[in-house]
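Trainee: File protein-v3.txt follows (compact mmCIF, C-alpha atoms (C1' of nucleotides)):
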```
# COMPACT_ATOMS: atom_id res chain seq x y z
CA MET A 1 0.00 0.00 0.00
CA ARG A 2 2.68 2.44 0.96
CA ASN A 3 5.23 3.48 -1.54
CA PRO A 4 7.93 0.88 -1.07
CA ALA A 5 10.71 3.26 -1.96
CA SER A 6 9.88 5.45 1.00
CA GLU A 7 9.64 2.62 3.48
CA PRO A 8 13.19 2.83 4.81
CA ASN A 9 12.82 5.65 7.25
CA PRO A 10 15.93 5.88 9.42
CA GLY A 11 15.47 7.44 12.79
CA SER A 12 11.73 7.67 12.55
CA GLU A 13 11.09 6.22 15.98
CA SER A 14 10.39 9.59 17.48
CA SER A 15 9.14 11.40 14.43
CA ASN A 16 5.73 11.79 15.95
CA GLY A 17 6.70 12.96 19.36
CA GLY A 18 3.61 12.63 21.43
CA SER A 19 0.54 10.98 20.01
CA ALA A 20 1.31 7.38 19.29
CA SER A 21 -2.08 6.74 17.78
CA GLU A 22 -1.77 9.49 15.22
CA LEU A 23 -2.78 8.43 11.77
CA ARG A 24 -2.55 10.51 8.70
CA VAL A 25 -5.23 9.90 6.17
CA PHE A 26 -5.29 11.02 2.59
CA VAL A 27 -8.64 11.51 1.03
CA ARG A 28 -9.80 12.43 -2.41
CA LYS A 29 -13.11 14.23 -2.40
CA LYS A 30 -15.31 14.96 -5.31
CA ARG A 31 -17.16 18.21 -5.28
CA GLY A 32 -19.30 18.50 -8.34
CA ARG A 33 -16.92 18.22 -11.22
CA LYS A 34 -13.81 19.01 -9.26
CA THR A 35 -11.67 16.53 -7.43
CA ILE A 36 -9.99 17.88 -4.37
CA GLU A 37 -7.22 16.06 -2.61
CA THR A 38 -6.77 16.74 1.03
CA GLN A 39 -4.89 15.38 3.93
CA GLU A 40 -6.47 14.81 7.29
CA THR A 41 -4.85 13.89 10.53
CA LYS A 42 -6.66 11.52 12.79
CA TYR A 43 -5.51 11.32 16.35
CA GLU A 44 -7.12 8.02 17.08
CA ALA A 45 -6.51 5.04 14.91
CA GLU A 46 -9.60 4.17 13.02
CA PRO A 47 -10.29 0.94 11.20
CA LEU A 48 -9.69 1.47 7.54
CA ASP A 49 -12.75 -0.45 6.44
CA GLN A 50 -14.90 1.88 8.47
CA LYS A 51 -13.50 4.74 6.48
CA LEU A 52 -13.99 2.87 3.24
CA ARG A 53 -17.59 2.28 4.12
CA GLY A 54 -18.10 6.01 4.42
CA PRO A 55 -19.44 8.27 1.72
CA PRO A 56 -18.62 6.84 -1.70
CA GLU A 57 -17.03 10.07 -2.85
CA ILE A 58 -14.19 9.64 -0.38
CA GLU A 59 -11.42 7.27 -1.17
CA GLU A 60 -8.17 6.65 0.60
CA PHE A 61 -4.77 6.46 -0.88
CA GLY A 62 -1.31 6.18 0.56
CA TYR A 63 0.57 7.66 -2.30
CA LYS A 64 -0.18 10.07 -5.03
CA GLN A 65 0.78 10.10 -8.64
CA VAL A 66 2.20 13.37 -9.83
CA ASN A 67 3.46 13.92 -13.32
CA GLY A 68 3.61 10.24 -13.98
CA SER A 69 5.85 9.36 -11.06
CA PHE A 70 5.11 8.39 -7.51
CA GLN A 71 5.94 10.75 -4.73
CA SER A 72 6.41 9.73 -1.18
CA SER A 73 3.74 10.74 1.24
CA GLU A 74 5.92 9.93 4.22
CA PRO A 75 6.95 12.92 6.30
CA PRO A 76 10.70 13.50 6.29
CA PRO A 77 12.47 12.46 9.48
CA ASN A 78 12.73 15.08 12.20
CA TRP A 79 10.52 17.56 10.42
CA GLU A 80 8.83 18.52 13.66
CA LYS A 81 12.11 19.25 15.36
CA VAL A 82 13.20 21.32 12.39
CA LEU A 83 9.97 23.28 12.36
CA GLU A 84 10.20 23.92 16.08
CA GLY A 85 13.81 25.01 15.73
CA ILE A 86 12.91 27.45 12.99
CA ARG A 87 10.08 28.81 15.11
CA LYS A 88 12.51 29.47 17.92
CA MET A 89 14.91 31.25 15.61
CA ARG A 90 12.10 33.31 14.21
CA SER A 91 10.87 34.37 17.62
CA THR A 92 14.17 36.11 18.32
CA GLU A 93 15.09 37.24 14.84
CA ASP A 94 13.35 40.13 13.26
CA ALA A 95 12.62 39.79 9.61
CA PRO A 96 10.80 42.28 7.43
CA VAL A 97 8.47 39.45 6.49
CA ASP A 98 4.81 40.29 6.88
CA THR A 99 3.58 38.13 4.07
CA MET A 100 0.02 38.76 5.06
CA GLY A 101 0.33 42.48 4.69
CA CYS A 102 -2.71 42.24 2.54
CA GLU A 103 -4.90 41.02 5.34
CA LYS A 104 -4.58 44.34 7.09
CA ALA A 105 -5.88 46.02 3.99
CA GLY A 106 -9.39 47.03 4.75
CA ASN A 107 -10.15 44.55 7.47
CA SER A 108 -12.67 47.03 8.71
CA LEU A 109 -14.53 46.89 5.42
CA PRO A 110 -17.64 44.83 4.73
CA PRO A 111 -16.85 41.27 3.59
CA LYS A 112 -17.16 41.81 -0.12
CA GLU A 113 -15.07 44.97 -0.14
CA ARG A 114 -12.58 43.42 2.19
CA ARG A 115 -12.11 40.45 -0.15
CA PHE A 116 -11.61 42.73 -3.09
CA ALA A 117 -9.01 44.67 -1.11
CA VAL A 118 -7.26 41.42 -0.33
CA LEU A 119 -7.16 40.55 -4.00
CA VAL A 120 -5.77 43.91 -5.04
CA SER A 121 -3.27 43.86 -2.20
CA SER A 122 -2.04 40.49 -3.30
CA LEU A 123 -1.65 41.68 -6.84
CA LEU A 124 0.32 44.73 -5.78
CA SER A 125 2.41 43.04 -3.12
CA SER A 126 4.29 40.68 -5.37
CA GLN A 127 7.90 41.76 -5.82
CA THR A 128 7.19 44.74 -3.65
CA LYS A 129 8.19 45.70 -0.14
CA ASP A 130 5.30 45.67 2.22
CA ASN A 131 5.44 49.33 3.18
CA VAL A 132 5.34 50.28 -0.48
CA THR A 133 2.34 48.04 -1.03
CA HIS A 134 0.66 49.48 2.01
CA GLY A 135 1.18 53.02 0.79
CA ALA A 136 -0.31 52.18 -2.56
CA ILE A 137 -3.33 50.57 -0.94
CA GLN A 138 -3.82 53.62 1.26
CA ARG A 139 -3.75 55.94 -1.73
CA LEU A 140 -6.21 53.76 -3.60
CA LEU A 141 -8.48 53.72 -0.58
CA GLN A 142 -8.32 57.49 -0.15
CA ASN A 143 -9.31 57.91 -3.76
CA GLY A 144 -12.12 55.43 -3.48
CA LEU A 145 -10.38 53.12 -5.89
CA LEU A 146 -10.37 49.91 -3.92
CA ALA A 147 -13.58 48.46 -5.29
CA ALA A 148 -14.43 46.73 -8.54
CA ASP A 149 -16.92 49.29 -9.83
CA THR A 150 -14.77 52.35 -9.23
CA ILE A 151 -11.61 50.80 -10.59
CA ASP A 152 -13.52 49.68 -13.63
CA LYS A 153 -14.52 53.26 -14.34
CA ALA A 154 -11.20 54.83 -13.40
CA ASP A 155 -8.52 55.83 -15.83
CA GLU A 156 -5.64 53.38 -16.05
CA ALA A 157 -3.12 56.21 -15.85
CA THR A 158 -4.69 57.37 -12.61
CA ILE A 159 -4.32 53.93 -11.10
CA LYS A 160 -0.79 53.72 -12.39
CA GLY A 161 0.06 56.96 -10.66
CA LEU A 162 -1.53 55.91 -7.41
CA ILE A 163 0.18 52.57 -7.12
CA TYR A 164 3.62 53.83 -8.08
CA PRO A 165 6.32 52.85 -7.03
CA VAL A 166 5.01 49.33 -6.63
CA GLY A 167 7.03 46.89 -8.68
CA PHE A 168 5.79 46.45 -12.25
CA TYR A 169 3.21 49.13 -11.72
CA THR A 170 2.42 49.53 -15.41
CA ARG A 171 1.39 45.93 -15.85
CA LYS A 172 -0.31 45.86 -12.51
CA ALA A 173 -2.38 48.92 -13.32
CA ALA A 174 -3.56 47.24 -16.51
CA ASN A 175 -4.24 44.02 -14.64
CA MET A 176 -6.19 45.88 -11.99
CA LYS A 177 -8.48 47.28 -14.64
CA LYS A 178 -9.03 43.87 -16.18
CA ILE A 179 -9.57 42.21 -12.84
CA ALA A 180 -12.03 44.87 -11.73
CA ASN A 181 -13.99 44.42 -14.92
CA ILE A 182 -14.08 40.65 -14.58
CA CYS A 183 -15.14 40.87 -10.94
CA LEU A 184 -17.87 43.31 -11.84
CA MET A 185 -19.18 41.35 -14.82
CA LYS A 186 -18.92 37.82 -13.52
CA TYR A 187 -18.94 38.07 -9.75
CA ASP A 188 -21.10 41.08 -8.98
CA GLY A 189 -18.10 43.03 -7.76
CA ASP A 190 -16.95 40.24 -5.51
CA ILE A 191 -13.89 38.11 -6.16
CA PRO A 192 -13.86 34.54 -7.46
CA SER A 193 -14.28 32.03 -4.68
CA SER A 194 -12.37 29.15 -6.19
CA LEU A 195 -8.73 28.61 -6.88
CA GLU A 196 -9.38 27.80 -10.51
CA GLU A 197 -11.28 31.00 -11.15
CA LEU A 198 -8.75 33.13 -9.31
CA LEU A 199 -6.04 31.71 -11.53
CA LEU A 200 -7.92 32.95 -14.56
CA LEU A 201 -7.40 36.53 -13.45
CA PRO A 202 -4.49 38.27 -15.17
CA GLY A 203 -1.52 38.70 -12.90
CA ILE A 204 -2.77 36.15 -10.38
CA GLY A 205 -0.64 33.04 -10.34
CA PRO A 206 -0.51 30.07 -8.00
CA LYS A 207 1.18 31.83 -5.13
CA MET A 208 -1.26 34.71 -4.94
CA ALA A 209 -4.27 32.54 -5.69
CA HIS A 210 -3.58 30.42 -2.65
CA LEU A 211 -2.91 33.50 -0.57
CA VAL A 212 -6.24 34.98 -1.59
CA MET A 213 -8.06 31.75 -0.83
CA ASN A 214 -6.44 31.66 2.59
CA VAL A 215 -6.84 35.26 3.57
CA GLY A 216 -9.79 36.37 1.47
CA TRP A 217 -12.04 33.36 1.87
CA ASN A 218 -10.48 31.75 4.92
CA ASN A 219 -10.43 28.60 2.85
CA VAL A 220 -7.15 26.75 2.73
CA GLN A 221 -6.94 25.04 -0.62
CA GLY A 222 -3.19 24.70 -0.65
CA ILE A 223 0.11 25.96 0.64
CA CYS A 224 1.22 29.39 -0.45
CA VAL A 225 4.64 28.63 -1.89
CA ASP A 226 6.97 31.45 -2.80
CA THR A 227 10.66 31.31 -3.63
CA HIS A 228 11.62 31.12 0.04
CA VAL A 229 9.41 28.14 0.78
CA HIS A 230 10.57 26.55 -2.45
CA ARG A 231 14.25 27.05 -1.70
CA ILE A 232 14.18 26.07 1.96
CA CYS A 233 12.05 22.98 1.50
CA ASN A 234 14.51 21.76 -1.08
CA ARG A 235 17.50 22.53 1.12
CA LEU A 236 15.91 20.60 3.96
CA GLY A 237 15.18 17.67 1.70
CA TRP A 238 11.48 18.03 2.43
CA VAL A 239 10.38 17.78 -1.17
CA SER A 240 11.53 15.84 -4.18
CA LYS A 241 10.43 15.22 -7.70
CA SER A 242 9.74 11.52 -7.48
CA CYS A 243 11.04 8.74 -5.34
CA THR A 244 14.46 9.95 -6.43
CA LYS A 245 16.20 12.68 -4.49
CA GLN A 246 15.89 15.24 -7.26
CA LYS A 247 14.95 18.71 -6.14
CA THR A 248 11.67 20.13 -7.24
CA SER A 249 12.26 22.67 -9.95
CA THR A 250 9.25 24.94 -9.54
CA PRO A 251 7.26 26.32 -6.61
CA GLU A 252 4.25 24.43 -7.89
CA GLU A 253 6.10 21.13 -7.72
CA THR A 254 7.22 22.05 -4.24
CA ARG A 255 3.66 22.79 -3.20
CA GLU A 256 2.39 19.45 -4.46
CA ALA A 257 5.20 17.55 -2.78
CA LEU A 258 4.88 19.43 0.50
CA GLN A 259 1.15 18.97 0.67
CA LEU A 260 1.60 15.22 0.50
CA TRP A 261 2.92 15.00 4.00
CA LEU A 262 2.73 18.32 5.86
CA PRO A 263 -0.23 18.32 8.27
CA LYS A 264 -2.85 20.74 7.20
CA GLU A 265 -2.70 22.86 10.32
CA GLU A 266 0.79 23.87 9.19
CA TRP A 267 -0.22 24.87 5.68
CA VAL A 268 -0.85 28.50 6.50
CA PRO A 269 1.84 29.20 9.14
CA ILE A 270 4.58 27.54 7.09
CA ASN A 271 4.73 30.49 4.71
CA PRO A 272 5.43 33.38 7.08
CA LEU A 273 7.69 31.09 9.07
CA LEU A 274 9.91 30.11 6.17
CA VAL A 275 9.83 33.53 4.54
CA GLY A 276 11.17 35.12 7.70
CA PHE A 277 13.69 32.34 8.11
CA GLY A 278 14.71 32.74 4.49
CA GLN A 279 15.27 36.46 4.88
CA THR A 280 17.43 36.22 7.96
CA VAL A 281 19.15 32.84 8.12
CA CYS A 282 18.53 30.59 5.16
CA THR A 283 19.20 33.24 2.56
CA PRO A 284 19.35 32.37 -1.11
CA LEU A 285 23.00 33.36 -1.44
CA ARG A 286 25.41 32.55 1.38
CA PRO A 287 23.01 31.00 3.87
CA ASN A 288 24.03 31.57 7.45
CA CYS A 289 24.32 27.93 8.47
CA GLY A 290 26.59 28.86 11.36
CA MET A 291 23.77 30.55 13.20
CA CYS A 292 21.12 28.06 12.19
CA SER A 293 20.01 25.83 15.02
CA VAL A 294 18.71 23.11 12.75
CA SER A 295 21.75 22.73 10.53
CA ASP A 296 22.33 19.28 12.03
CA PHE A 297 19.14 18.15 10.35
CA CYS A 298 19.80 19.93 7.07
CA PRO A 299 21.36 17.94 4.25
CA SER A 300 22.44 21.17 2.59
CA ALA A 301 24.09 22.80 5.59
CA PHE A 302 27.51 24.33 4.95
CA ARG A 303 27.36 23.33 1.35
CA GLU A 304 27.16 26.66 -0.34
CA ILE A 305 27.27 26.49 -4.06
CA SER A 306 29.08 29.40 -5.64
CA ARG A 307 27.35 31.43 -8.19
CA SER A 308 28.22 30.69 -11.79
CA PRO A 309 30.98 33.09 -12.79
CA SER A 310 29.72 33.38 -16.34
CA LYS A 311 26.97 35.69 -15.22
CA SER A 312 29.24 38.22 -13.54
CA LYS A 313 31.58 38.06 -16.51
CA ARG A 314 28.77 38.93 -18.79
CA SER A 315 27.64 41.74 -16.54
CA SER A 316 31.03 43.37 -16.34
CA LEU A 317 31.28 42.95 -20.06
CA SER A 318 28.01 44.70 -20.65
CA LYS A 319 29.19 47.44 -18.35
CA LYS A 320 31.97 48.22 -20.81
CA LEU A 321 29.59 48.53 -23.71
C1' DC B 1 27.14 47.12 -9.78
C1' DT B 2 24.49 42.91 -7.88
C1' DC B 3 20.71 40.96 -5.89
C1' DC B 4 15.75 40.21 -5.12
C1' DG B 5 11.16 38.58 -6.85
C1' DG B 6 5.63 36.35 -9.30
C1' DA B 7 3.52 36.02 -13.59
C1' DC B 8 3.85 35.27 -18.15
C1' DA B 9 5.38 35.18 -23.02
C1' DA B 10 8.45 33.25 -26.17
C1' DT C 1 13.56 26.93 -19.78
C1' DT C 2 14.88 31.78 -20.26
C1' DG C 3 14.21 36.48 -20.27
C1' DT C 4 11.34 40.48 -19.17
C1' DC C 5 8.96 43.57 -16.45
C1' DC C 6 10.24 47.42 -12.26
C1' DG C 7 11.79 49.46 -8.51
C1' DG C 8 14.75 49.69 -4.10
C1' DA C 9 18.35 48.10 -0.94
C1' DG C 10 23.03 47.01 -0.10
```
As structure tokens, how would this structure be written, given the file I've shared?
Mentor:
Amino acid sequence: MRNPASEPNPGSESSNGGSASELRVFVRKKRGRKTIETQETKYEAEPLDQKLRGPPEIEEFGYKQVNGSFQSSEPPPNWEKVLEGIRKMRSTEDAPVDTMGCEKAGNSLPPKERRFAVLVSSLLSSQTKDNVTHGAIQRLLQNGLLAADTIDKADEATIKGLIYPVGFYTRKAANMKKIANICLMKYDGDIPSSLEELLLLPGIGPKMAHLVMNVGWNNVQGICVDTHVHRICNRLGWVSKSCTKQKTSTPEETREALQLWLPKEEWVPINPLLVGFGQTVCTPLRPNCGMCSVSDFCPSAFREISRSPSKSKRSSLSKKL
DNA sequence: CTCCGGACAA
DNA sequence: TTGTCCGGAG
């Protein structure tokens, strides 16, 4: 039943420190046309046949097929210790994090307006420092341009001016107009309530779509994976492409792999935790393994890979031109 | 100068 | 898979 390749699990005797009867159950639910895969943690062992006799739309599986290859659904050894260690580091460190800067945006607004503010905040916040995003949101709010109907009517240049200097403000201004129009036409000024529909909005990709589901709808459909989560999970050996040890190559692959074993109650907190950790300790370039309290558990610790020199050569060359 | 970063087109 | 968009920080 279990993936045989993942069966050897050295040092797993204490991997579930505490509840000995904990059982992780993977279920595939059908909702209308969609199939949603979720992971549920049971704290009391339950006969499997009882589960199988449940609603016919729920089926159990111990492994999942992704891109034609089997991925392990076994949690990596010591993941709880690692997570706890990172939490401790984060409680003393101070990172500029604040990934949920968008949740502040208009949390005094009525639900529909608040959700729209969350969507716009998410759009603006990508590749943008939080205080810059916040300023842009404030200016939009002051000008009454934080709702679908008003943005739809507003001039794109006006929006562009208000959101400056948010990163990629030109494209984002255009996307805001399109999004506002779509929300007005199709959703009565509200935002889409499903992941699939959010992904259809221009400028909204997987990372922001999950963020909006989490914060806007309080509906956790998946883990919000950004480059920090992607990088750190790979360094820790928490995710892999198949039963091989290959790193995942995209944040989406990381999300799929991580969701196979990470308990759902960690799906939301993992993002701010790892983002902060990634900004202070586990940085993309020259990670500070010396001050990392979980380096003993990290297969990548003290193994910095130097940047390819070709890039800097090319840069200094282009400087001459 | 170099680095950082989601979405998306090529 | 790579480059592009766009600023700001270091």
Trainee: Determine, using only C-alpha atoms (C1' of nucleotides), which residues of chain A have any atom at most 12 Å from an atom of chain B, and tabulate each with its shortest atom pair and distance in Å to one decimal place, rows ordered by chain and then rising number, as JSON lines.
Mentor:
```
{"residue": "A:Ser122", "atom": "CA", "partner": "B:DG6", "partner_atom": "C1'", "distance": 10.6}
{"residue": "A:Leu123", "atom": "CA", "partner": "B:DG6", "partner_atom": "C1'", "distance": 9.4}
{"residue": "A:Leu124", "atom": "CA", "partner": "B:DG6", "partner_atom": "C1'", "distance": 10.5}
{"residue": "A:Ser125", "atom": "CA", "partner": "B:DG6", "partner_atom": "C1'", "distance": 9.7}
{"residue": "A:Ser126", "atom": "CA", "partner": "B:DG6", "partner_atom": "C1'", "distance": 6.0}
{"residue": "A:Gln127", "atom": "CA", "partner": "B:DG5", "partner_atom": "C1'", "distance": 4.7}
{"residue": "A:Thr128", "atom": "CA", "partner": "B:DG5", "partner_atom": "C1'", "distance": 8.0}
{"residue": "A:Lys129", "atom": "CA", "partner": "B:DG5", "partner_atom": "C1'", "distance": 10.2}
{"residue": "A:Gly167", "atom": "CA", "partner": "B:DG5", "partner_atom": "C1'", "distance": 9.5}
{"residue": "A:Phe168", "atom": "CA", "partner": "B:DG6", "partner_atom": "C1'", "distance": 10.5}
{"residue": "A:Arg171", "atom": "CA", "partner": "B:DA7", "partner_atom": "C1'", "distance": 10.4}
{"residue": "A:Lys172", "atom": "CA", "partner": "B:DA7", "partner_atom": "C1'", "distance": 10.6}
{"residue": "A:Asn175", "atom": "CA", "partner": "B:DA7", "partner_atom": "C1'", "distance": 11.2}
{"residue": "A:Leu199", "atom": "CA", "partner": "B:DA7", "partner_atom": "C1'", "distance": 10.7}
{"residue": "A:Leu200", "atom": "CA", "partner": "B:DA7", "partner_atom": "C1'", "distance": 11.9}
{"residue": "A:Leu201", "atom": "CA", "partner": "B:DA7", "partner_atom": "C1'", "distance": 10.9}
{"residue": "A:Pro202", "atom": "CA", "partner": "B:DA7", "partner_atom": "C1'", "distance": 8.5}
{"residue": "A:Gly203", "atom": "CA", "partner": "B:DA7", "partner_atom": "C1'", "distance": 5.7}
{"residue": "A:Ile204", "atom": "CA", "partner": "B:DA7", "partner_atom": "C1'", "distance": 7.1}
{"residue": "A:Gly205", "atom": "CA", "partner": "B:DA7", "partner_atom": "C1'", "distance": 6.1}
{"residue": "A:Pro206", "atom": "CA", "partner": "B:DG6", "partner_atom": "C1'", "distance": 8.9}
{"residue": "A:Lys207", "atom": "CA", "partner": "B:DG6", "partner_atom": "C1'", "distance": 7.6}
{"residue": "A:Met208", "atom": "CA", "partner": "B:DG6", "partner_atom": "C1'", "distance": 8.3}
{"residue": "A:Ala209", "atom": "CA", "partner": "B:DG6", "partner_atom": "C1'", "distance": 11.2}
{"residue": "A:Val225", "atom": "CA", "partner": "B:DG6", "partner_atom": "C1'", "distance": 10.7}
{"residue": "A:Asp226", "atom": "CA", "partner": "B:DG6", "partner_atom": "C1'", "distance": 8.2}
{"residue": "A:Thr227", "atom": "CA", "partner": "B:DG5", "partner_atom": "C1'", "distance": 8.0}
{"residue": "A:His228", "atom": "CA", "partner": "B:DG5", "partner_atom": "C1'", "distance": 10.2}
{"residue": "A:Thr250", "atom": "CA", "partner": "B:DG6", "partner_atom": "C1'", "distance": 12.0}
{"residue": "A:Pro251", "atom": "CA", "partner": "B:DG6", "partner_atom": "C1'", "distance": 10.5}
{"residue": "A:Gln279", "atom": "CA", "partner": "B:DC4", "partner_atom": "C1'", "distance": 10.7}
{"residue": "A:Thr283", "atom": "CA", "partner": "B:DC4", "partner_atom": "C1'", "distance": 10.9}
{"residue": "A:Pro284", "atom": "CA", "partner": "B:DC4", "partner_atom": "C1'", "distance": 9.5}
{"residue": "A:Leu285", "atom": "CA", "partner": "B:DC3", "partner_atom": "C1'", "distance": 9.1}
{"residue": "A:Arg307", "atom": "CA", "partner": "B:DT2", "partner_atom": "C1'", "distance": 11.8}
{"residue": "A:Lys311", "atom": "CA", "partner": "B:DT2", "partner_atom": "C1'", "distance": 10.6}
{"residue": "A:Ser312", "atom": "CA", "partner": "B:DT2", "partner_atom": "C1'", "distance": 8.8}
{"residue": "A:Ser315", "atom": "CA", "partner": "B:DC1", "partner_atom": "C1'", "distance": 8.7}
{"residue": "A:Ser316", "atom": "CA", "partner": "B:DC1", "partner_atom": "C1'", "distance": 8.5}
{"residue": "A:Leu317", "atom": "CA", "partner": "B:DC1", "partner_atom": "C1'", "distance": 11.8}
{"residue": "A:Ser318", "atom": "CA", "partner": "B:DC1", "partner_atom": "C1'", "distance": 11.2}
{"residue": "A:Lys319", "atom": "CA", "partner": "B:DC1", "partner_atom": "C1'", "distance": 8.8}
```
Trainee: Could the residues of chain C within 12 Å of chain A, counting all atoms listed in the file, be given as number ranges by chain, please?
Mentor: C: 1, 4-9
Trainee: Deliver the residues from the most recent selection as a file, using C-alpha atoms (C1' of nucleotides), as an mmCIF file, keeping the file's coordinate frame.
Mentor:
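Once written, result-v8.cif looks like this:
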```cif
data_model
loop_
_atom_site.group_PDB
_atom_site.id
_atom_site.type_symbol
_atom_site.label_atom_id
_atom_site.label_comp_id
_atom_site.auth_asym_id
_atom_site.auth_seq_id
_atom_site.Cartn_x
_atom_site.Cartn_y
_atom_site.Cartn_z
ATOM 1 C "C1'" DT C 1 13.560 26.930 -19.780
ATOM 2 C "C1'" DT C 4 11.340 40.480 -19.170
ATOM 3 C "C1'" DC C 5 8.960 43.570 -16.450
ATOM 4 C "C1'" DC C 6 10.240 47.420 -12.260
ATOM 5 C "C1'" DG C 7 11.790 49.460 -8.510
ATOM 6 C "C1'" DG C 8 14.750 49.690 -4.100
ATOM 7 C "C1'" DA C 9 18.350 48.100 -0.940
#
```
Trainee: Would you compute the distance between CA of Ala180 (chain A) and CA of Ile151 (chain A)? Give it in Å to one decimal.
Mentor: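 Here the two named atoms are 6.1 Å from each other.
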Trainee: Need the shell around Asp152 (chain A): protein/DNA/RNA residues with any atom at most 7 Å away, counting all atoms listed in the file. Skip same-chain ones fewer than 4 positions apart. Format as a PyMOL selection string?
Mentor: chain A and resi 148+177+180-181
Trainee: To one decimal place, how far is CA of Thr133 (chain A) from CA of Lys112 (chain A) in Å?
Mentor: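 Distance between the two atoms: 20.5 Å.
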Trainee: Quick one: everything within 12 Å of Pro192 (chain A), counting only C-alpha atoms (C1' of nucleotides), minus sequence neighbours fewer than 5 positions away in the same chain. Send it as a VMD selection string.
Mentor: chain A and resid 112 115 to 116 118 to 119 179 to 180 182 to 187 197 to 201 204 209 212 to 213 216 to 217
Trainee: Give me, please, the distance in Å between CA of Asp296 (chain A) and CA of Asn78 (chain A), quoted to one decimal.
Mentor: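 Between CA of Asp296 (chain A) and CA of Asn78 (chain A) the gap works out to 10.5 Å.
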Trainee: If I put a ball of radius 9 Å at (-10.2, 49.2, -6.5) in the file's coordinates, which residues poke into it when counting only C-alpha atoms (C1' of nucleotides), written as a list in words?
Mentor: Phe116, Ala117, Val120, Ile137, Leu140, Leu141, Gly144, Leu145, Leu146, Ala147, Ala148, Asp149, Thr150, Ile151, Asp152, Ala154, Ile159, Met176, Lys177 and Ala180 of chain A
Trainee: Go ahead and fit an axis-aligned box to every listed atom of chain C plus 5 Å each side, and pass me the centre and edge lengths in Å, one decimal, as AutoDock Vina command-line options.
Mentor:
```
--center_x 16.0 --center_y 38.3 --center_z -10.2 --size_x 24.1 --size_y 32.8 --size_z 30.2
```
